[in-house]
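Data first, discussion second: the structure below is written as structure tokens.
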Amino acid sequence: MFLKSCPELVNFKLTNRRSRLRFLAIRSCCRLNYFELDGENLEIFEYTGQIDRFLFKHVPKLAEVYFCFCGSSRVESAVCALSRLASDIPQLKILNMVWIRVNLAFQLPEGVPTFINIKHLVLTFFPFLDEDKLGWITYILKSAPLLKNLQLNQFISSFTRQLEVNDRQLPEVTHLNLREIEINGYQGNHHEKELLKYLVDSAVKLDLLVISPQVKVYKGLNDWCYEELNFAGGNLSLEKIEELHSVVPKAIRIWGGGLKEVDTTQDESAAENSPNSEK
């Protein structure tokens, strides 16, 4: 069921617990300030818009959730979701969230709640690089110990500041289950390399790293599309791809732009066979 652009909708309650409804999407209902879900057959829920309060009352089959919070309450709503969903939806397996500068304001609370079943996490964010202290990624790694797939989708525009920040002190985290990391919108700047190194160092059993300069956009219902960056310097150069070798161990497979595997063993042989190499 879809609810889209319903200007008179202020509160929404799904109260028929035995309803056969399996999928519910609420999008761009500008006056909605509260929803309550109570349905034992609901499996997928997607929400886009501004919200002040929400309640997942009885949703034992809900395994996949998408949130895109916007408006003045976006930070509070995102923090509330990350703090409460672990207890409200303990069976949750897939969480997909859009952060619009939420990562800058997010404060790591004491006593991180644990998502005991989340295997796949998608975060789409709009960073201002010289302000982001990266504390949010520590929270994610701690709160989802069984996470296997992490996807980070960046939207870095031409006016995003690119200053280097050297005072980020992140605690050591060892994640034993994270096997695949995908980063889209990657440009290879200092901030991204710092984030990437922290993830690689923390995910001790990481097997696959996917890096793409393209922006990955969620359309709903597991539908994705890729968009090219449209400003100067918005392409991932071969040099930036090769820089990954200084951060990523050779045992980890790296797939670059266009989903082509980057052979980490070619650099040494290429250097040896180069016409300019010393014999």
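By order in the structure tokens, chains are A, B, ...; within a chain, residues start at 1; ligands start at 1, following the order shown.
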Applying 6 Å and only C-alpha atoms, which residues near A:Glu46 remain after dropping the ones on its own chain fewer than 6 positions away? List them as an MDAnalysis selection string.
chainID A and resid 25 65:66
Among stretch 1-211 of chain A, which residues carry a DSSP assignment of strand (DSSP E), reported as a count of residues only?
62
List the spatial neighbours of A:Thr174 as a PyMOL selection string - criterion: any atom at most 7 Å away, only C-alpha atoms, same-chain residues fewer than 2 positions off excluded.
chain A and resi 172+176+202-204
Considering only C-alpha atoms, state which residue in the set A:Tyr47, A:Arg18, A:Phe54, A:Lys13 is at the smallest distance from A:Tyr34.
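Nearest candidate to A:Tyr34 out of A:Tyr47, A:Arg18, A:Phe54, A:Lys13: A:Phe54.
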List every residue of stretch 56-227 of chain A that DSSP, applied to the backbone of this structure, assigns to helix (DSSP H, G or I), and report them as a PyMOL selection string.
chain A and resi 74-88+102-105+135-143+190-202
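Closest approach to A:Thr48 among A:Ile89, A:Val210, A:Met97, A:Val79 is made by A:Met97 (distances from only C-alpha atoms).
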Top pick for closest residue to A:Leu196, considering A:Asn16, A:Ser77, A:Asn11, A:Asn184 and counting only C-alpha atoms
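Smallest distance to A:Leu196 is found for A:Asn184.
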Give me the residues near A:Arg17 as a PyMOL selection string, where near means some atom within 12 Å (using only C-alpha atoms) and where sequence neighbours in that chain fewer than 3 positions away do not count.
chain A and resi 13-14+20-22+36-42+56-61
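Restricting the calculation to only C-alpha atoms, the smallest distance between A:Leu152 and any of A:Glu180, A:Glu227, A:Glu64, A:Asp132 is found for A:Glu180.
Between A:Arg253 and the residues A:Leu206, A:Asp223, A:Phe155, A:Val217, the shortest atom-to-atom distance, using only C-alpha atoms, involves A:Leu206.
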Just the residues within 12 Å of A:Leu123, please, counting only C-alpha atoms, with nothing from its chain fewer than 6 positions along; format it as a short mmCIF file (atom, residue, chain, number, x, y, z; two decimals) with N, CA, C and O atoms, in the first residue's frame.
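And here is the file that came out, out36.cif:
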data_model
loop_
_atom_site.label_atom_id
_atom_site.label_comp_id
_atom_site.auth_asym_id
_atom_site.auth_seq_id
_atom_site.Cartn_x
_atom_site.Cartn_y
_atom_site.Cartn_z
N TYR A 66 12.97 1.34 5.50
CA TYR A 66 13.64 2.47 4.84
C TYR A 66 13.13 3.76 5.45
O TYR A 66 11.93 3.98 5.56
N PHE A 67 14.06 4.63 5.87
CA PHE A 67 13.71 5.93 6.42
C PHE A 67 14.48 7.02 5.67
O PHE A 67 15.70 6.93 5.50
N CYS A 68 13.75 8.05 5.25
CA CYS A 68 14.37 9.28 4.74
C CYS A 68 13.74 10.44 5.50
O CYS A 68 12.66 10.91 5.14
N ALA A 78 16.15 10.66 13.28
CA ALA A 78 17.15 9.65 12.95
C ALA A 78 17.79 9.07 14.20
O ALA A 78 17.98 7.85 14.31
N LEU A 82 17.59 5.09 15.45
CA LEU A 82 18.75 4.26 15.76
C LEU A 82 18.77 3.83 17.22
O LEU A 82 19.35 2.80 17.56
N ILE A 94 17.26 -5.65 7.55
CA ILE A 94 17.76 -4.67 6.59
C ILE A 94 17.29 -3.29 7.01
O ILE A 94 16.09 -3.04 7.15
N LEU A 95 18.25 -2.38 7.21
CA LEU A 95 17.92 -1.00 7.55
C LEU A 95 18.57 -0.09 6.53
O LEU A 95 19.78 -0.17 6.28
N ASN A 96 17.75 0.78 5.92
CA ASN A 96 18.19 1.70 4.88
C ASN A 96 17.78 3.10 5.32
O ASN A 96 16.59 3.39 5.44
N MET A 97 18.75 3.98 5.57
CA MET A 97 18.44 5.31 6.08
C MET A 97 19.17 6.39 5.29
O MET A 97 20.32 6.21 4.88
N VAL A 98 18.48 7.51 5.10
CA VAL A 98 19.08 8.69 4.49
C VAL A 98 19.34 9.71 5.59
O VAL A 98 18.43 10.08 6.32
N TRP A 99 20.60 10.14 5.70
CA TRP A 99 20.97 11.16 6.69
C TRP A 99 21.29 12.46 5.96
O TRP A 99 22.21 12.51 5.16
N ILE A 100 20.54 13.50 6.23
CA ILE A 100 20.84 14.81 5.67
C ILE A 100 21.51 15.63 6.78
O ILE A 100 20.86 16.22 7.63
N ARG A 101 22.84 15.56 6.81
CA ARG A 101 23.67 16.20 7.83
C ARG A 101 23.42 15.66 9.23
O ARG A 101 23.82 16.26 10.21
N VAL A 102 22.75 14.54 9.34
CA VAL A 102 22.53 13.94 10.65
C VAL A 102 23.84 13.47 11.26
O VAL A 102 24.07 13.57 12.47
N ASN A 103 24.76 12.97 10.41
CA ASN A 103 26.01 12.44 10.92
C ASN A 103 26.87 13.50 11.61
O ASN A 103 27.75 13.18 12.40
N TRP A 136 29.86 8.67 14.23
CA TRP A 136 28.69 7.88 13.87
C TRP A 136 29.07 6.48 13.37
O TRP A 136 28.33 5.52 13.58
N ILE A 137 30.22 6.35 12.71
CA ILE A 137 30.59 5.05 12.19
C ILE A 137 31.00 4.11 13.32
O ILE A 137 30.77 2.90 13.27
N ILE A 140 27.76 2.74 14.64
CA ILE A 140 27.21 1.72 13.75
C ILE A 140 27.90 0.38 13.98
O ILE A 140 27.27 -0.67 14.09
N ASN A 149 26.99 -6.77 5.55
CA ASN A 149 27.11 -5.89 4.39
C ASN A 149 26.84 -4.45 4.81
O ASN A 149 25.77 -4.15 5.35
N LEU A 150 27.78 -3.58 4.54
CA LEU A 150 27.62 -2.15 4.83
C LEU A 150 27.76 -1.37 3.54
O LEU A 150 28.75 -1.49 2.82
N GLN A 151 26.73 -0.57 3.24
CA GLN A 151 26.74 0.26 2.04
C GLN A 151 26.65 1.73 2.45
O GLN A 151 25.74 2.13 3.16
N LEU A 152 27.62 2.53 2.01
CA LEU A 152 27.66 3.96 2.29
C LEU A 152 27.52 4.71 0.97
O LEU A 152 28.36 4.56 0.07
N ASN A 153 26.46 5.51 0.86
CA ASN A 153 26.21 6.29 -0.35
C ASN A 153 26.40 7.76 -0.04
O ASN A 153 25.65 8.34 0.73
N GLN A 154 27.41 8.37 -0.67
CA GLN A 154 27.72 9.77 -0.41
C GLN A 154 27.17 10.67 -1.51
O GLN A 154 27.20 10.30 -2.68
N PHE A 155 26.74 11.84 -1.09
CA PHE A 155 26.35 12.89 -2.03
C PHE A 155 27.26 14.08 -1.74
O PHE A 155 26.96 14.88 -0.86
N ILE A 181 31.94 -4.25 2.10
CA ILE A 181 31.72 -2.81 2.23
C ILE A 181 31.60 -2.21 0.84
O ILE A 181 32.43 -2.48 -0.04
N GLU A 182 30.57 -1.42 0.63
CA GLU A 182 30.36 -0.73 -0.65
C GLU A 182 30.28 0.77 -0.38
O GLU A 182 29.50 1.22 0.45
N ILE A 183 31.11 1.54 -1.08
CA ILE A 183 31.11 2.99 -0.93
C ILE A 183 30.87 3.61 -2.29
O ILE A 183 31.66 3.44 -3.22
N ASN A 184 29.78 4.35 -2.42
CA ASN A 184 29.43 5.02 -3.67
C ASN A 184 29.60 6.53 -3.51
O ASN A 184 29.47 7.07 -2.42
N LYS A 216 24.70 6.63 -5.92
CA LYS A 216 23.69 5.59 -5.94
C LYS A 216 22.44 6.09 -5.24
O LYS A 216 22.49 6.50 -4.08
N VAL A 217 21.31 6.05 -5.94
CA VAL A 217 20.07 6.65 -5.45
C VAL A 217 19.00 5.58 -5.31
O VAL A 217 18.78 4.77 -6.21
N TYR A 218 18.31 5.60 -4.17
CA TYR A 218 17.25 4.63 -3.92
C TYR A 218 15.92 5.17 -4.42
O TYR A 218 15.51 6.28 -4.08
#
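Going from atom CA of A:Lys119 over to atom CA of A:Ala63, you cover 10.4 Å.
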Quick check, in Å to one decimal: how far apart do atom CA of A:Arg179 and atom CA of A:Glu192 lie?
19.2 Å
Kindly indicate which residue among A:His191, A:Lys240, A:Lys4, A:Lys142 lies nearest to A:His175, using only C-alpha atoms for the distances.
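Ranked by minimum distance to A:His175, first place goes to A:Lys142.
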Can you pull out the residues contacting A:Ile51? Cut-off 12 Å, using only C-alpha atoms, and skip same-chain residues under 2 positions away; I want them as a CSV table (one decimal) with N, CA, C and O atoms, in the first residue's frame.
chain,number,residue,atom,x,y,z
A,9,LEU,N,-3.4,14.4,5.9
A,9,LEU,CA,-3.1,13.3,6.8
A,9,LEU,C,-2.1,13.8,7.9
A,9,LEU,O,-1.0,14.3,7.7
A,10,VAL,N,-2.6,13.8,9.2
A,10,VAL,CA,-1.9,14.2,10.3
A,10,VAL,C,-1.4,13.1,11.2
A,10,VAL,O,-0.2,13.1,11.6
A,11,ASN,N,-2.2,12.1,11.4
A,11,ASN,CA,-1.9,10.9,12.2
A,11,ASN,C,-2.3,9.7,11.4
A,11,ASN,O,-3.3,9.7,10.7
A,12,PHE,N,-1.4,8.7,11.4
A,12,PHE,CA,-1.7,7.4,10.7
A,12,PHE,C,-1.5,6.3,11.7
A,12,PHE,O,-0.5,6.1,12.3
A,26,ILE,N,4.9,5.3,3.0
A,26,ILE,CA,4.4,6.6,3.3
A,26,ILE,C,5.4,7.6,2.8
A,26,ILE,O,6.5,7.7,3.2
A,27,ARG,N,5.0,8.5,1.8
A,27,ARG,CA,5.9,9.4,1.2
A,27,ARG,C,5.3,10.8,1.1
A,27,ARG,O,4.2,11.0,0.6
A,28,SER,N,6.1,11.8,1.5
A,28,SER,CA,5.8,13.2,1.3
A,28,SER,C,4.4,13.6,1.8
A,28,SER,O,3.7,14.4,1.1
A,29,CYS,N,4.0,13.1,2.9
A,29,CYS,CA,2.8,13.6,3.6
A,29,CYS,C,3.2,14.7,4.5
A,29,CYS,O,3.5,14.4,5.7
A,30,CYS,N,3.1,15.9,4.1
A,30,CYS,CA,3.8,17.0,4.7
A,30,CYS,C,3.3,17.4,6.1
A,30,CYS,O,4.0,17.9,6.9
A,31,ARG,N,2.0,17.0,6.4
A,31,ARG,CA,1.5,17.4,7.7
A,31,ARG,C,1.5,16.2,8.7
A,31,ARG,O,1.1,16.4,9.9
A,32,LEU,N,2.0,15.1,8.3
A,32,LEU,CA,2.0,13.9,9.1
A,32,LEU,C,3.0,14.1,10.3
A,32,LEU,O,4.2,14.4,10.0
A,33,ASN,N,2.6,14.0,11.5
A,33,ASN,CA,3.5,14.1,12.6
A,33,ASN,C,3.5,12.9,13.5
A,33,ASN,O,4.3,12.9,14.5
A,34,TYR,N,2.8,11.8,13.2
A,34,TYR,CA,2.8,10.6,14.0
A,34,TYR,C,2.2,9.5,13.2
A,34,TYR,O,1.3,9.6,12.5
A,35,PHE,N,2.9,8.3,13.3
A,35,PHE,CA,2.4,7.1,12.8
A,35,PHE,C,2.6,6.0,13.8
A,35,PHE,O,3.5,6.0,14.6
A,36,GLU,N,1.6,5.0,13.8
A,36,GLU,CA,1.7,3.9,14.7
A,36,GLU,C,1.4,2.6,13.9
A,36,GLU,O,0.4,2.6,13.1
A,47,TYR,N,9.4,5.0,4.6
A,47,TYR,CA,8.9,6.3,5.0
A,47,TYR,C,9.8,7.4,4.5
A,47,TYR,O,11.0,7.4,4.7
A,48,THR,N,9.2,8.4,3.9
A,48,THR,CA,9.9,9.6,3.5
A,48,THR,C,9.2,10.8,3.9
A,48,THR,O,8.0,11.0,3.6
A,49,GLY,N,9.8,11.7,4.6
A,49,GLY,CA,9.1,12.9,5.1
A,49,GLY,C,9.6,13.4,6.4
A,49,GLY,O,10.6,12.9,7.0
A,53,ARG,N,6.9,11.9,15.8
A,53,ARG,CA,6.8,10.7,16.7
A,53,ARG,C,6.4,9.5,15.9
A,53,ARG,O,5.6,9.7,14.9
A,54,PHE,N,6.8,8.3,16.3
A,54,PHE,CA,6.4,7.1,15.6
A,54,PHE,C,6.5,6.0,16.6
A,54,PHE,O,7.3,6.0,17.5
A,55,LEU,N,5.7,4.9,16.3
A,55,LEU,CA,5.6,3.8,17.2
A,55,LEU,C,5.4,2.5,16.4
A,55,LEU,O,4.5,2.4,15.6
A,67,PHE,N,14.1,4.6,5.9
A,67,PHE,CA,13.7,5.9,6.4
A,67,PHE,C,14.5,7.0,5.7
A,67,PHE,O,15.7,6.9,5.5
A,68,CYS,N,13.7,8.1,5.2
A,68,CYS,CA,14.4,9.3,4.7
A,68,CYS,C,13.7,10.4,5.5
A,68,CYS,O,12.7,10.9,5.1
A,69,PHE,N,14.4,10.9,6.6
A,69,PHE,CA,13.9,11.9,7.4
A,69,PHE,C,14.3,13.3,6.8
A,69,PHE,O,15.5,13.4,6.4
A,70,CYS,N,13.4,14.2,6.8
A,70,CYS,CA,13.8,15.6,6.3
A,70,CYS,C,13.1,16.6,7.2
A,70,CYS,O,12.3,16.2,8.2
A,71,GLY,N,13.3,17.9,7.0
A,71,GLY,CA,12.7,18.9,7.8
A,71,GLY,C,13.5,19.2,9.1
A,71,GLY,O,14.6,18.6,9.3
A,72,SER,N,12.9,20.0,9.9
A,72,SER,CA,13.6,20.5,11.1
A,72,SER,C,13.9,19.4,12.1
A,72,SER,O,14.8,19.5,13.0
A,73,SER,N,13.1,18.3,12.1
A,73,SER,CA,13.2,17.3,13.1
A,73,SER,C,14.0,16.1,12.6
A,73,SER,O,14.0,15.0,13.2
A,74,ARG,N,14.7,16.2,11.5
A,74,ARG,CA,15.4,15.1,10.9
A,74,ARG,C,16.5,14.5,11.8
A,74,ARG,O,16.6,13.2,11.8
A,75,VAL,N,17.2,15.3,12.5
A,75,VAL,CA,18.2,14.8,13.4
A,75,VAL,C,17.6,14.0,14.5
A,75,VAL,O,18.0,12.8,14.8
A,76,GLU,N,16.7,14.6,15.2
A,76,GLU,CA,16.0,13.9,16.3
A,76,GLU,C,15.3,12.6,15.9
A,76,GLU,O,15.4,11.6,16.6
A,77,SER,N,14.7,12.6,14.7
A,77,SER,CA,14.0,11.4,14.2
A,77,SER,C,15.0,10.3,13.9
A,77,SER,O,14.8,9.1,14.2
A,78,ALA,N,16.2,10.7,13.3
A,78,ALA,CA,17.2,9.7,12.9
A,78,ALA,C,17.8,9.1,14.2
A,78,ALA,O,18.0,7.9,14.3
A,80,CYS,N,16.4,9.0,17.1
A,80,CYS,CA,15.4,8.2,17.8
A,80,CYS,C,15.3,6.8,17.1
A,80,CYS,O,15.1,5.8,17.8
A,81,ALA,N,15.3,6.8,15.8
A,81,ALA,CA,15.2,5.5,15.1
A,81,ALA,C,16.4,4.6,15.5
A,81,ALA,O,16.2,3.4,15.8
